[in-house]
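Quick look at run_1.txt (compact mmCIF, C-alpha atoms):
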```txt
# COMPACT_ATOMS: atom_id res chain seq x y z
CA MET A 10 -53.93 -31.52 14.64
CA GLU A 11 -54.91 -31.62 18.29
CA LYS A 12 -53.64 -28.96 20.66
CA GLY A 13 -50.26 -29.89 22.06
CA GLU A 14 -49.61 -32.45 19.35
CA ARG A 15 -46.24 -32.14 17.51
CA ALA A 16 -46.25 -32.29 13.72
CA ALA A 17 -44.22 -35.09 12.20
CA THR A 18 -40.96 -33.91 10.70
CA PRO A 19 -40.69 -35.04 7.08
CA ARG A 20 -37.66 -37.21 6.39
CA VAL A 21 -35.18 -35.89 3.85
CA SER A 22 -32.83 -38.36 2.22
CA ARG A 23 -29.12 -37.57 1.78
CA ARG A 24 -29.64 -37.40 -1.99
CA SER A 25 -32.53 -34.94 -1.55
CA ALA A 26 -30.49 -32.84 0.88
CA LEU A 27 -27.65 -32.57 -1.63
CA LYS A 28 -30.11 -31.49 -4.32
CA ILE A 29 -31.63 -28.87 -2.03
CA GLY A 30 -28.16 -27.61 -1.12
CA ALA A 31 -27.11 -27.39 -4.75
CA ALA A 32 -30.28 -25.52 -5.66
CA ALA A 33 -29.76 -23.07 -2.80
CA ALA A 34 -26.16 -22.47 -3.86
CA ALA A 35 -27.34 -21.64 -7.35
CA LEU A 36 -29.68 -18.89 -6.10
CA PRO A 37 -28.44 -15.27 -6.45
CA VAL A 38 -26.94 -13.79 -3.30
CA PHE A 39 -28.59 -10.59 -2.13
CA HIS A 40 -27.20 -8.11 0.36
CA ILE A 41 -30.05 -7.83 2.84
CA ARG A 42 -29.77 -4.95 5.28
CA THR A 43 -31.12 -6.23 8.58
CA ALA A 44 -32.02 -4.76 11.93
CA GLY A 45 -28.67 -6.07 13.13
CA ALA A 46 -27.06 -2.97 11.71
CA ALA A 47 -28.55 -0.94 14.54
CA GLY A 48 -26.96 -0.54 17.95
CA LYS A 49 -23.48 0.69 18.83
CA LEU A 50 -20.26 0.56 16.87
CA SER A 51 -16.72 1.57 17.78
CA VAL A 52 -14.33 2.39 14.94
CA GLY A 53 -10.57 2.96 15.00
CA PHE A 54 -9.30 4.57 11.80
CA TRP A 55 -5.86 5.82 10.81
CA ASP A 56 -5.23 9.48 11.61
CA HIS A 57 -4.81 10.89 8.11
CA TRP A 58 -1.81 13.13 7.55
CA VAL A 59 -4.12 15.52 5.62
CA PRO A 60 -6.42 17.04 8.29
CA ALA A 61 -9.28 17.33 5.80
CA GLY A 62 -9.03 13.57 5.32
CA ASN A 63 -10.33 13.02 8.85
CA ASP A 64 -13.07 15.60 8.36
CA VAL A 65 -14.56 14.00 5.26
CA MET A 66 -14.31 10.53 6.82
CA ARG A 67 -16.12 11.74 9.92
CA LYS A 68 -18.95 13.21 7.82
CA GLN A 69 -19.33 10.01 5.79
CA VAL A 70 -19.43 7.80 8.87
CA GLN A 71 -21.92 10.07 10.63
CA ALA A 72 -24.23 10.18 7.59
CA TRP A 73 -24.27 6.38 7.48
CA ALA A 74 -24.80 6.19 11.26
CA ASP A 75 -27.78 8.56 11.12
CA ALA A 76 -29.37 6.68 8.23
CA ASN A 77 -28.95 3.29 9.92
CA LYS A 78 -29.66 4.38 13.51
CA VAL A 79 -26.25 3.26 14.73
CA ASP A 80 -24.41 5.00 17.56
CA VAL A 81 -20.85 5.22 16.20
CA GLN A 82 -17.78 6.17 18.20
CA LEU A 83 -15.05 7.14 15.73
CA ASP A 84 -11.42 7.44 16.83
CA PHE A 85 -8.50 8.51 14.65
CA ILE A 86 -5.32 6.77 15.79
CA THR A 87 -1.89 8.06 14.81
CA THR A 88 0.85 5.86 13.39
CA ASN A 89 3.43 7.99 15.21
CA GLY A 90 5.25 5.89 17.75
CA SER A 91 3.51 2.81 16.29
CA LYS A 92 0.42 3.74 18.31
CA LEU A 93 -1.97 2.24 15.74
CA ILE A 94 -0.16 -1.11 15.79
CA LEU A 95 0.16 -1.07 19.59
CA THR A 96 -3.56 -0.37 19.97
CA GLN A 97 -4.48 -3.25 17.66
CA THR A 98 -2.14 -5.67 19.40
CA ALA A 99 -3.55 -4.75 22.82
CA GLU A 100 -7.14 -5.15 21.62
CA ALA A 101 -6.41 -8.52 20.02
CA GLN A 102 -4.90 -9.77 23.27
CA ALA A 103 -7.68 -8.38 25.46
CA LYS A 104 -10.45 -9.49 23.06
CA THR A 105 -12.14 -6.13 23.46
CA GLY A 106 -11.92 -2.68 21.91
CA HIS A 107 -13.02 -1.22 18.59
CA ASP A 108 -15.30 -3.24 16.32
CA ILE A 109 -13.45 -2.00 13.19
CA GLN A 110 -9.75 -1.33 12.94
CA GLN A 111 -7.58 0.03 10.14
CA PHE A 112 -4.52 -2.11 9.52
CA GLN A 113 -1.18 -1.28 7.94
CA ILE A 114 0.78 -3.48 5.62
CA TRP A 115 1.53 -6.62 7.72
CA GLN A 116 -0.99 -6.37 10.56
CA VAL A 117 -3.77 -8.43 8.97
CA GLN A 118 -1.39 -11.39 8.74
CA ALA A 119 -0.02 -10.78 12.23
CA LEU A 120 -3.47 -10.65 13.87
CA ALA A 121 -5.28 -13.12 11.61
CA ASP A 122 -6.50 -15.28 14.50
CA SER A 123 -8.52 -12.35 15.85
CA LEU A 124 -10.15 -11.21 12.59
CA GLU A 125 -13.57 -12.04 11.21
CA PRO A 126 -13.66 -13.40 7.63
CA ILE A 127 -15.03 -10.74 5.32
CA ASP A 128 -15.42 -12.67 2.04
CA ASP A 129 -19.06 -11.58 1.77
CA VAL A 130 -18.16 -7.88 1.60
CA MET A 131 -15.22 -8.45 -0.75
CA GLY A 132 -17.39 -10.62 -2.98
CA ARG A 133 -19.90 -7.83 -3.48
CA LEU A 134 -17.24 -5.14 -3.92
CA THR A 135 -15.25 -7.10 -6.51
CA ALA A 136 -18.44 -8.08 -8.36
CA LYS A 137 -19.25 -4.37 -8.63
CA TYR A 138 -15.81 -2.82 -9.15
CA GLY A 139 -13.59 -5.63 -10.41
CA GLY A 140 -10.68 -7.39 -8.78
CA THR A 141 -7.98 -5.82 -6.67
CA ASN A 142 -4.20 -6.28 -6.97
CA LYS A 143 -1.80 -9.03 -5.88
CA PRO A 144 -0.32 -7.17 -2.88
CA ALA A 145 -3.83 -6.77 -1.45
CA GLU A 146 -4.50 -10.49 -1.74
CA TYR A 147 -1.06 -11.44 -0.40
CA LEU A 148 -1.52 -9.27 2.69
CA ALA A 149 -5.25 -9.63 3.45
CA LYS A 150 -6.06 -13.24 2.51
CA VAL A 151 -5.22 -16.06 4.90
CA LYS A 152 -5.88 -19.68 3.92
CA GLY A 153 -7.90 -18.48 0.95
CA ARG A 154 -10.21 -16.19 2.94
CA TRP A 155 -10.35 -12.40 3.03
CA LEU A 156 -9.77 -11.17 6.58
CA ALA A 157 -9.82 -7.47 5.71
CA VAL A 158 -10.97 -5.15 2.94
CA PRO A 159 -8.29 -3.12 1.11
CA THR A 160 -9.16 0.53 1.59
CA SER A 161 -8.30 3.67 -0.32
CA SER A 162 -7.75 5.52 2.96
CA GLY A 163 -3.97 5.88 3.20
CA TRP A 164 -3.19 3.51 0.30
CA GLN A 165 -0.15 4.97 -1.45
CA SER A 166 2.42 4.27 -4.11
CA LYS A 167 6.02 5.40 -3.76
CA GLY A 168 7.35 6.10 -7.21
CA PRO A 169 9.79 8.92 -8.02
CA CYS A 170 8.99 12.57 -7.52
CA ALA A 171 11.61 14.57 -9.44
CA ARG A 172 12.50 18.21 -9.91
CA ILE A 173 11.53 19.02 -13.50
CA SER A 174 14.18 21.70 -14.02
CA MET A 175 17.02 19.67 -12.50
CA PHE A 176 16.31 16.65 -14.67
CA LYS A 177 16.31 18.85 -17.75
CA GLN A 178 19.46 20.75 -16.79
CA TYR A 179 21.61 17.95 -15.39
CA CYS A 180 20.22 14.81 -17.09
CA GLY A 181 18.75 16.03 -20.35
CA LEU A 182 15.44 14.37 -19.43
CA ASP A 183 11.98 15.90 -19.73
CA VAL A 184 9.93 13.97 -17.16
CA GLN A 185 6.71 15.71 -18.21
CA ALA A 186 7.18 14.50 -21.78
CA MET A 187 8.17 11.02 -20.56
CA TYR A 188 5.02 10.76 -18.45
CA PRO A 189 2.40 13.22 -19.74
CA VAL A 190 -1.08 13.77 -18.37
CA SER A 191 -2.54 11.13 -20.66
CA ASN A 192 -2.84 7.37 -20.87
CA GLU A 193 0.00 6.76 -23.32
CA TYR A 194 3.27 4.87 -23.19
CA THR A 195 5.97 7.14 -24.59
CA ALA A 196 9.42 6.34 -25.92
CA GLY A 197 10.83 8.26 -22.96
CA ALA A 198 8.88 6.08 -20.52
CA ASP A 199 10.13 2.94 -22.24
CA ALA A 200 13.72 4.18 -21.90
CA TRP A 201 13.25 4.88 -18.17
CA ASP A 202 15.15 1.91 -16.77
CA TYR A 203 17.64 1.38 -13.94
CA ASP A 204 20.62 2.12 -16.18
CA LEU A 205 19.18 5.54 -16.96
CA PHE A 206 18.24 5.95 -13.28
CA LEU A 207 21.87 5.28 -12.30
CA LYS A 208 23.17 7.75 -14.87
CA ALA A 209 20.73 10.42 -13.66
CA ALA A 210 21.69 9.74 -10.04
CA GLU A 211 25.35 10.32 -10.89
CA GLN A 212 24.64 13.50 -12.84
CA CYS A 213 22.48 15.01 -10.10
CA ALA A 214 24.93 14.04 -7.37
CA LYS A 215 27.78 15.72 -9.23
CA ALA A 216 25.60 18.83 -9.55
CA GLY A 217 25.09 18.83 -5.78
CA PHE A 218 21.50 17.54 -5.74
CA PRO A 219 21.69 13.80 -4.97
CA PHE A 220 18.65 11.56 -5.06
CA GLY A 221 17.06 11.57 -1.60
CA ILE A 222 16.90 7.80 -1.25
CA GLY A 223 17.48 6.42 2.22
CA LEU A 224 19.29 3.32 3.40
CA GLY A 225 17.71 3.25 6.84
CA THR A 226 15.28 0.67 8.20
CA THR A 227 12.00 2.61 8.05
CA PRO A 228 9.34 1.81 5.40
CA ASP A 229 10.39 4.34 2.73
CA SER A 230 13.92 2.90 2.61
CA VAL A 231 12.66 -0.69 2.74
CA ASP A 232 10.10 -0.12 -0.01
CA THR A 233 12.59 1.48 -2.40
CA ALA A 234 15.22 -1.23 -1.89
CA GLY A 235 12.52 -3.87 -2.26
CA ALA A 236 11.37 -2.49 -5.62
CA ILE A 237 14.94 -2.49 -6.93
CA PHE A 238 15.52 -6.09 -5.83
CA THR A 239 12.22 -7.17 -7.39
CA ALA A 240 13.05 -5.46 -10.68
CA PHE A 241 16.19 -7.61 -10.84
CA GLY A 242 14.30 -10.77 -9.85
CA ALA A 243 16.35 -10.93 -6.64
CA GLU A 244 14.50 -13.05 -4.10
CA LEU A 245 16.21 -13.39 -0.74
CA ILE A 246 13.75 -16.11 0.32
CA ASP A 247 11.26 -17.77 -2.03
CA GLY A 248 7.64 -18.73 -1.46
CA GLU A 249 8.65 -22.07 0.03
CA GLY A 250 10.86 -20.41 2.63
CA THR A 251 14.10 -21.43 0.88
CA ILE A 252 16.99 -18.97 1.18
CA LYS A 253 18.14 -17.72 -2.24
CA ILE A 254 20.78 -15.22 -1.17
CA ASN A 255 23.52 -16.65 -3.43
CA SER A 256 21.51 -16.50 -6.65
CA PRO A 257 22.79 -14.76 -9.81
CA GLU A 258 19.85 -12.34 -9.55
CA VAL A 259 20.79 -11.23 -6.02
CA ASN A 260 24.38 -10.75 -7.11
CA GLN A 261 23.26 -8.71 -10.12
CA ALA A 262 21.08 -6.50 -7.92
CA LEU A 263 23.94 -5.95 -5.47
CA GLU A 264 26.39 -5.15 -8.25
CA TYR A 265 23.98 -2.49 -9.48
CA CYS A 266 23.34 -1.09 -6.01
CA GLN A 267 27.07 -0.99 -5.30
CA LYS A 268 27.27 1.64 -8.03
CA LEU A 269 24.08 3.46 -7.05
CA VAL A 270 24.87 3.99 -3.35
CA LYS A 271 27.97 6.02 -4.26
CA PHE A 272 25.68 8.79 -5.51
CA LEU A 273 23.25 8.86 -2.57
CA PRO A 274 23.48 11.43 0.26
CA ALA A 275 26.25 10.97 2.79
CA ASP A 276 23.64 10.58 5.56
CA ALA A 277 21.44 8.11 3.62
CA VAL A 278 22.11 5.38 6.20
CA SER A 279 20.46 7.47 8.92
CA TYR A 280 17.39 8.41 6.85
CA ASP A 281 13.94 7.99 8.37
CA ASP A 282 10.62 8.50 6.58
CA ALA A 283 10.74 12.27 7.03
CA SER A 284 14.26 12.67 5.63
CA ASN A 285 13.42 12.32 1.96
CA ASN A 286 10.49 14.73 2.34
CA ARG A 287 12.82 17.33 3.84
CA ALA A 288 15.37 16.75 1.09
CA LEU A 289 12.86 17.61 -1.63
CA ILE A 290 11.12 20.47 0.16
CA SER A 291 14.41 22.17 1.07
CA GLY A 292 15.58 22.03 -2.54
CA GLN A 293 18.54 19.76 -1.74
CA SER A 294 17.44 16.76 -3.79
CA ALA A 295 16.58 16.18 -7.45
CA LEU A 296 14.49 13.05 -6.80
CA ILE A 297 12.85 11.11 -3.97
CA MET A 298 10.70 7.96 -3.89
CA ASN A 299 7.56 8.96 -2.02
CA PRO A 300 3.80 9.56 -2.20
CA PRO A 301 2.72 13.19 -2.79
CA SER A 302 3.13 14.14 0.87
CA ALA A 303 6.39 15.99 0.21
CA TRP A 304 4.87 17.79 -2.77
CA ALA A 305 1.80 18.77 -0.73
CA VAL A 306 3.91 20.28 2.05
CA ALA A 307 6.06 22.05 -0.54
CA LYS A 308 2.90 23.49 -2.05
CA ARG A 309 2.29 25.17 1.30
CA ASP A 310 5.85 25.94 2.45
CA ALA A 311 7.97 26.04 -0.73
CA PRO A 312 5.66 26.83 -3.68
CA ALA A 313 8.50 27.13 -6.18
CA VAL A 314 9.64 23.58 -5.38
CA ALA A 315 6.09 22.22 -5.66
CA ALA A 316 5.60 23.89 -9.05
CA ASP A 317 8.82 22.22 -10.25
CA SER A 318 7.97 18.65 -9.12
CA TRP A 319 6.60 15.73 -11.15
CA THR A 320 5.55 12.27 -9.94
CA PHE A 321 5.91 9.19 -12.18
CA PRO A 322 6.59 5.41 -12.03
CA ALA A 323 9.76 3.64 -10.95
CA PRO A 324 12.34 2.54 -13.53
CA LYS A 325 12.21 -0.90 -15.10
CA GLY A 326 14.77 -3.62 -14.51
CA PRO A 327 15.55 -6.96 -16.16
CA LYS A 328 12.36 -8.48 -14.70
CA GLY A 329 10.04 -5.52 -15.21
CA ARG A 330 8.88 -2.26 -13.70
CA PHE A 331 7.78 -2.43 -10.05
CA VAL A 332 6.36 0.46 -8.05
CA PRO A 333 6.46 0.24 -4.22
CA VAL A 334 3.03 0.49 -2.61
CA GLY A 335 1.86 1.02 0.96
CA PRO A 336 -1.49 -0.75 1.48
CA PHE A 337 -4.05 -0.14 4.20
CA PHE A 338 -6.99 -2.37 5.18
CA TRP A 339 -10.20 -2.29 7.21
CA GLY A 340 -11.03 -5.35 9.29
CA VAL A 341 -13.55 -6.51 11.88
CA TRP A 342 -12.52 -8.29 15.08
CA ASN A 343 -14.06 -11.73 15.51
CA PHE A 344 -14.95 -10.70 19.07
CA SER A 345 -16.89 -7.65 17.85
CA ALA A 346 -20.35 -7.26 19.40
CA ASN A 347 -21.81 -5.83 16.17
CA LYS A 348 -20.22 -7.54 13.17
CA THR A 349 -23.22 -6.84 10.92
CA ALA A 350 -23.02 -3.08 11.36
CA ALA A 351 -19.22 -3.15 11.11
CA LYS A 352 -19.27 -4.94 7.76
CA GLU A 353 -22.03 -2.73 6.40
CA LEU A 354 -20.14 0.45 7.30
CA ILE A 355 -16.97 -0.81 5.60
CA GLU A 356 -18.92 -1.73 2.49
CA HIS A 357 -20.63 1.65 2.43
CA LEU A 358 -17.35 3.54 2.75
CA MET A 359 -15.84 1.59 -0.15
CA GLN A 360 -18.58 2.61 -2.60
CA ARG A 361 -17.28 4.68 -5.50
CA ASP A 362 -18.92 7.96 -4.47
CA GLN A 363 -17.50 7.76 -0.96
CA VAL A 364 -14.02 6.82 -2.16
CA GLN A 365 -14.00 9.65 -4.69
CA ALA A 366 -15.11 12.26 -2.18
CA ARG A 367 -12.29 11.29 0.18
CA CYS A 368 -9.74 11.15 -2.63
CA ASP A 369 -10.69 14.63 -3.84
CA VAL A 370 -10.27 16.16 -0.39
CA VAL A 371 -6.78 14.69 0.16
CA ILE A 372 -5.62 15.93 -3.28
CA GLY A 373 -5.25 12.42 -4.67
CA TYR A 374 -3.04 10.98 -1.91
CA ASP A 375 -5.40 8.02 -1.34
CA ILE A 376 -5.35 5.45 -4.15
CA PRO A 377 -8.39 3.17 -4.59
CA PRO A 378 -7.56 -0.56 -4.51
CA PHE A 379 -9.83 -1.12 -7.53
CA ASP A 380 -8.50 -0.14 -10.97
CA SER A 381 -12.02 0.80 -12.11
CA MET A 382 -11.79 3.83 -9.80
CA LEU A 383 -8.59 5.22 -11.30
CA ASP A 384 -10.60 7.49 -13.62
CA PHE A 385 -11.22 10.14 -10.96
CA ASP A 386 -10.35 13.62 -12.23
CA VAL A 387 -8.41 14.64 -9.11
CA TRP A 388 -5.02 13.35 -10.35
CA LYS A 389 -5.44 15.14 -13.66
CA ASN A 390 -6.47 18.45 -12.12
CA VAL A 391 -4.10 18.74 -9.14
CA GLU A 392 -1.57 21.56 -9.44
CA PRO A 393 0.96 23.14 -9.52
CA PRO A 394 2.10 22.14 -12.06
CA HIS A 395 -1.10 20.95 -13.69
CA GLY A 396 -1.31 17.15 -13.54
CA THR A 397 1.76 16.79 -11.33
CA VAL A 398 0.37 13.61 -9.68
CA TYR A 399 -1.52 12.19 -12.66
CA ASN A 400 0.98 9.34 -12.88
CA TYR A 401 0.99 8.70 -9.13
CA PRO A 402 -1.51 5.81 -9.34
CA ILE A 403 -0.28 2.82 -11.34
CA ARG A 404 -2.00 3.03 -14.72
CA PRO A 405 -2.17 0.47 -17.56
CA SER A 406 0.00 2.74 -19.71
CA HIS A 407 2.82 2.49 -17.17
CA HIS A 408 3.47 -1.19 -17.87
CA ALA A 409 4.19 -1.51 -14.14
CA MET A 410 3.27 -3.75 -11.24
CA PRO A 411 2.75 -2.88 -7.55
CA SER A 412 5.53 -4.13 -5.29
CA ILE A 413 5.68 -5.16 -1.63
CA ALA A 414 9.23 -5.52 -0.36
CA CYS A 415 10.14 -9.06 0.77
CA SER A 416 6.84 -10.50 -0.49
CA SER A 417 8.46 -13.35 -2.41
CA ALA A 418 8.78 -15.00 1.02
CA PRO A 419 5.91 -16.42 3.11
CA PRO A 420 4.28 -13.57 5.06
CA GLU A 421 5.47 -14.81 8.48
CA ILE A 422 9.08 -14.57 7.23
CA ALA A 423 8.61 -11.52 5.02
CA VAL A 424 7.37 -9.37 7.90
CA GLN A 425 10.59 -10.04 9.83
CA MET A 426 12.75 -9.10 6.83
CA TYR A 427 10.68 -5.96 6.30
CA ASN A 428 10.67 -4.80 9.92
CA ARG A 429 14.41 -5.41 10.30
CA GLY A 430 15.13 -3.54 7.06
CA THR A 431 17.25 -6.38 5.67
CA MET A 432 17.41 -5.08 2.10
CA PRO A 433 18.33 -1.42 2.76
CA THR A 434 20.80 -2.58 5.42
CA MET A 435 22.55 -4.65 2.75
CA LEU A 436 22.84 -1.49 0.65
CA ALA A 437 24.05 0.51 3.65
CA LYS A 438 26.83 -2.02 4.12
CA LEU A 439 27.80 -1.61 0.46
CA LYS A 440 27.92 2.16 0.96
CA SER A 441 30.20 1.69 3.97
CA GLY A 442 32.67 -0.16 1.74
CA GLN A 443 31.86 -3.80 2.47
CA SER A 444 32.23 -6.22 -0.44
CA ILE A 445 29.33 -8.11 -2.00
CA PRO A 446 30.50 -11.47 -0.49
CA GLU A 447 30.65 -9.82 2.95
CA VAL A 448 27.15 -8.41 2.54
CA ILE A 449 25.79 -11.74 1.36
CA ALA A 450 27.39 -13.55 4.32
CA TRP A 451 25.79 -11.10 6.76
CA ALA A 452 22.37 -11.36 5.07
CA LYS A 453 22.52 -15.15 5.04
CA GLY A 454 22.90 -15.20 8.82
CA GLU A 455 19.95 -12.85 9.20
CA LEU A 456 17.75 -14.87 6.87
CA GLU A 457 18.58 -18.15 8.57
CA GLY A 458 17.30 -16.66 11.82
CA PHE A 459 14.06 -15.52 10.18
CA ALA A 460 13.44 -18.88 8.47
CA ARG A 461 13.87 -21.06 11.56
```
Mind turning this structure into structure tokens?
Amino acid sequence: MEKGERAATPRVSRRSALKIGAAAAALPVFHIRTAGAAGKLSVGFWDHWVPAGNDVMRKQVQAWADANKVDVQLDFITTNGSKLILTQTAEAQAKTGHDIQQFQIWQVQALADSLEPIDDVMGRLTAKYGGTNKPAEYLAKVKGRWLAVPTSSGWQSKGPCARISMFKQYCGLDVQAMYPVSNEYTAGADAWDYDLFLKAAEQCAKAGFPFGIGLGTTPDSVDTAGAIFTAFGAELIDGEGTIKINSPEVNQALEYCQKLVKFLPADAVSYDDASNNRALISGQSALIMNPPSAWAVAKRDAPAVAADSWTFPAPKGPKGRFVPVGPFFWGVWNFSANKTAAKELIEHLMQRDQVQARCDVVIGYDIPPFDSMLDFDVWKNVEPPHGTVYNYPIRPSHHAMPSIACSSAPPEIAVQMYNRGTMPTMLAKLKSGQSIPEVIAWAKGELEGFAR
């Protein structure tokens, strides 16, 4: 070839191109760490309620940054005053800010247009650790693509935490025997249904220690009401966006709740997410529906209460046993200047060793989104009493499913129902003395507005 002469480009037929493409698709996919991981990275993570949770996260991020020669700025952003959500919304609008953000339950769906698909990371994680659960897919997949990675950091379930002695004295129930520190399904666990829950609520209320279940509009109240409705198969709006408020299942759920609300605290309607914690820690309540945050504070401030508390799954209803969960996710903005490094950091932090180290430090509060990681020893060893949060993660022996309130509806409708607290407000109206037809009429008007 003479200098300056261009080589002829070989022609490739359409048939040959298809064969080449098919052959390439059949090749194994390798995760190649490139020089693109270098540079700068800005990360906005949730400000963990356990101070040590931030410390271990900071150490893990810094170790990765040092090894990969990345300059990482790590910020912990509080959820108080919705600051985390407000920060994300502002960054999405401005198209600038952190490269990585940590998202709460509905934010991936709300900000989907600004998020980078992350199927590559999820593909490798699920190939290594197995699949994740339905709530994670419902909340983090848009049009069949993963837009965020479910993270253990902050992921929680909100089953009952009951006072052991009160349940024995007033209900004749031994919650430790019902849900022992072992992977077995006991006769007591099988009998733990919403009829027994109602009976226990009445007995504890009469003894002066009502269940600390709220009927406000903050997440704890919404999640509990949502799990009850789901256990009765009560969809307010189905997956097609059709209003189902007059169904037999909704009526059955409301008939049940009409009985239950009579035994809840007089101020249940004004509950926020701190109210149930205070009810348990102060010794005023026999049961709350919450992650181990209340127990952990009691361990510090009211040791006798902590030593008398036991966490276990929600009751079962006609359609099954559903435990409320509070998912968190890590996502990368599609306007990020360093997507390669952002994805690699997320993938690194979701490796088993990293997840376990963080889980140990926060005394089991963080639940991994992969069932293969539920064999960590932390839940078995936490005390007092020994194994008190063993049944906090949803285990195969629980015969339970994770529940997201309102998730029978399309996400764009469900988020409105959730944020407005439609379900607990229905129960609050029952507690105020309104009839079931009146409550249904009110809810129908609300739902029609959401579905427009």
Point to revise | Pick from A:Pro402, A:Pro333, A:Pro257, A:Pro126 nearest to Cys368 in chain A, counting all atoms listed in the file | key: A:Pro402
List every residue of range 367-389 of chain A that has an atom at most 12 Å from any atom of range 144-149 of chain A, giving for each one its closest atom pair and the distance in Å to one decimal, counting all atoms listed in the file, sorted by chain and then by ascending residue number, as a tab-separated table.
```
residue	atom	partner	partner_atom	distance
A:Pro377	CA	A:Ala145	CA	11.4
A:Pro378	CA	A:Ala145	CA	7.9
A:Phe379	CA	A:Ala145	CA	10.2
```
Could you name the residues that touch Ser174 in chain A at 12 Å or less, counting all atoms listed in the file, but leaving out those on the same chain fewer than 2 positions away, as a PDB file with C-alpha atoms, in the frame of the given file?
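For reference, result.pdb as written:
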```
ATOM      1  CA  ALA A 171      11.610  14.570  -9.440  1.00  0.00           C
ATOM      2  CA  ARG A 172      12.500  18.210  -9.910  1.00  0.00           C
ATOM      3  CA  PHE A 176      16.310  16.650 -14.670  1.00  0.00           C
ATOM      4  CA  LYS A 177      16.310  18.850 -17.750  1.00  0.00           C
ATOM      5  CA  GLN A 178      19.460  20.750 -16.790  1.00  0.00           C
ATOM      6  CA  TYR A 179      21.610  17.950 -15.390  1.00  0.00           C
ATOM      7  CA  CYS A 180      20.220  14.810 -17.090  1.00  0.00           C
ATOM      8  CA  GLY A 181      18.750  16.030 -20.350  1.00  0.00           C
ATOM      9  CA  LEU A 182      15.440  14.370 -19.430  1.00  0.00           C
ATOM     10  CA  ASP A 183      11.980  15.900 -19.730  1.00  0.00           C
ATOM     11  CA  VAL A 184       9.930  13.970 -17.160  1.00  0.00           C
ATOM     12  CA  GLN A 185       6.710  15.710 -18.210  1.00  0.00           C
ATOM     13  CA  CYS A 213      22.480  15.010 -10.100  1.00  0.00           C
ATOM     14  CA  PHE A 218      21.500  17.540  -5.740  1.00  0.00           C
ATOM     15  CA  GLY A 292      15.580  22.030  -2.540  1.00  0.00           C
ATOM     16  CA  SER A 294      17.440  16.760  -3.790  1.00  0.00           C
ATOM     17  CA  ALA A 295      16.580  16.180  -7.450  1.00  0.00           C
ATOM     18  CA  LEU A 296      14.490  13.050  -6.800  1.00  0.00           C
ATOM     19  CA  ALA A 313       8.500  27.130  -6.180  1.00  0.00           C
ATOM     20  CA  VAL A 314       9.640  23.580  -5.380  1.00  0.00           C
ATOM     21  CA  ALA A 315       6.090  22.220  -5.660  1.00  0.00           C
ATOM     22  CA  ALA A 316       5.600  23.890  -9.050  1.00  0.00           C
ATOM     23  CA  ASP A 317       8.820  22.220 -10.250  1.00  0.00           C
ATOM     24  CA  SER A 318       7.970  18.650  -9.120  1.00  0.00           C
ATOM     25  CA  TRP A 319       6.600  15.730 -11.150  1.00  0.00           C
TER      26      TRP A 319
END
```
Practice item. Pick out the closest residue to Met410 in chain A from this set: A:Thr226, A:Gly329, A:Asp84, A:Trp201. Count all atoms listed in the file. Key: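 With all atoms listed in the file as the atom set, the closest residue is A:Gly329.
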Exercise for review: Place a sphere of radius 12 Å on (-15.3, 5.5, -6.2) in the file coordinates and name every protein, DNA or RNA residue with an atom inside or on its surface, counting all atoms listed in the file; give the answer as a PyMOL selection string.
Suggested key: chain A and resi 134+137-138+160-162+356-369+375-387
Exercise for review: Write out as a VMD selection string the residues lying within 8 Å of Tyr203 in chain A, counting all atoms listed in the file and excluding same-chain residues fewer than 6 positions away.
Suggested key: chain A and resid 324 to 326
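When only C-alpha atoms are used to measure the gap to Gly340 in chain A, the shortest distance among A:Ala101, A:Val70, A:Ile290, A:Val117 belongs to A:Val117.
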For the contact check between range 269-341 of chain A and range 55-58 of chain A, emit one row per residue of range 269-341 of chain A within 12 Å, containing the shortest atom pair and the distance in Å rounded to one decimal, counting only C-alpha atoms, chain then rising number order, as a Markdown table.
```
| residue | atom | partner | partner_atom | distance |
| --- | --- | --- | --- | --- |
| A:Pro300 | CA | A:Trp58 | CA | 11.8 |
| A:Pro301 | CA | A:Trp58 | CA | 11.3 |
| A:Ser302 | CA | A:Trp58 | CA | 8.4 |
| A:Ala303 | CA | A:Trp58 | CA | 11.4 |
| A:Ala305 | CA | A:Trp58 | CA | 10.6 |
| A:Val306 | CA | A:Trp58 | CA | 10.7 |
| A:Phe337 | CA | A:Trp55 | CA | 9.1 |
| A:Phe338 | CA | A:Trp55 | CA | 10.0 |
| A:Trp339 | CA | A:Trp55 | CA | 9.9 |
```
At a cut-off of 8 Å, can you tabulate as a tab-separated table every residue of range 299-377 of chain A near range 231-236 of chain A together with its closest atom pair and the distance in Å to one decimal, using all atoms listed in the file and ordering rows by chain then number?
```
residue	atom	partner	partner_atom	distance
A:Phe331	CA	A:Ala236	CA	5.7
A:Val332	CA	A:Ala236	CA	6.3
A:Pro333	CA	A:Asp232	CA	5.6
A:Val334	CA	A:Asp232	CA	7.6
```
Preceding selection exported with C-alpha atoms as a PDB file, in the frame of the given file:
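File again.pdb, as written:
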```
ATOM      1  CA  PHE A 331       7.780  -2.430 -10.050  1.00  0.00           C
ATOM      2  CA  VAL A 332       6.360   0.460  -8.050  1.00  0.00           C
ATOM      3  CA  PRO A 333       6.460   0.240  -4.220  1.00  0.00           C
ATOM      4  CA  VAL A 334       3.030   0.490  -2.610  1.00  0.00           C
TER       5      VAL A 334
END
```
**Study point:** Å distance separating CA of Thr195 in chain A from CA of Cys170 in chain A, one decimal place
**Key:**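 Pair CA of Thr195 in chain A / CA of Cys170 in chain A returns 18.2 Å.
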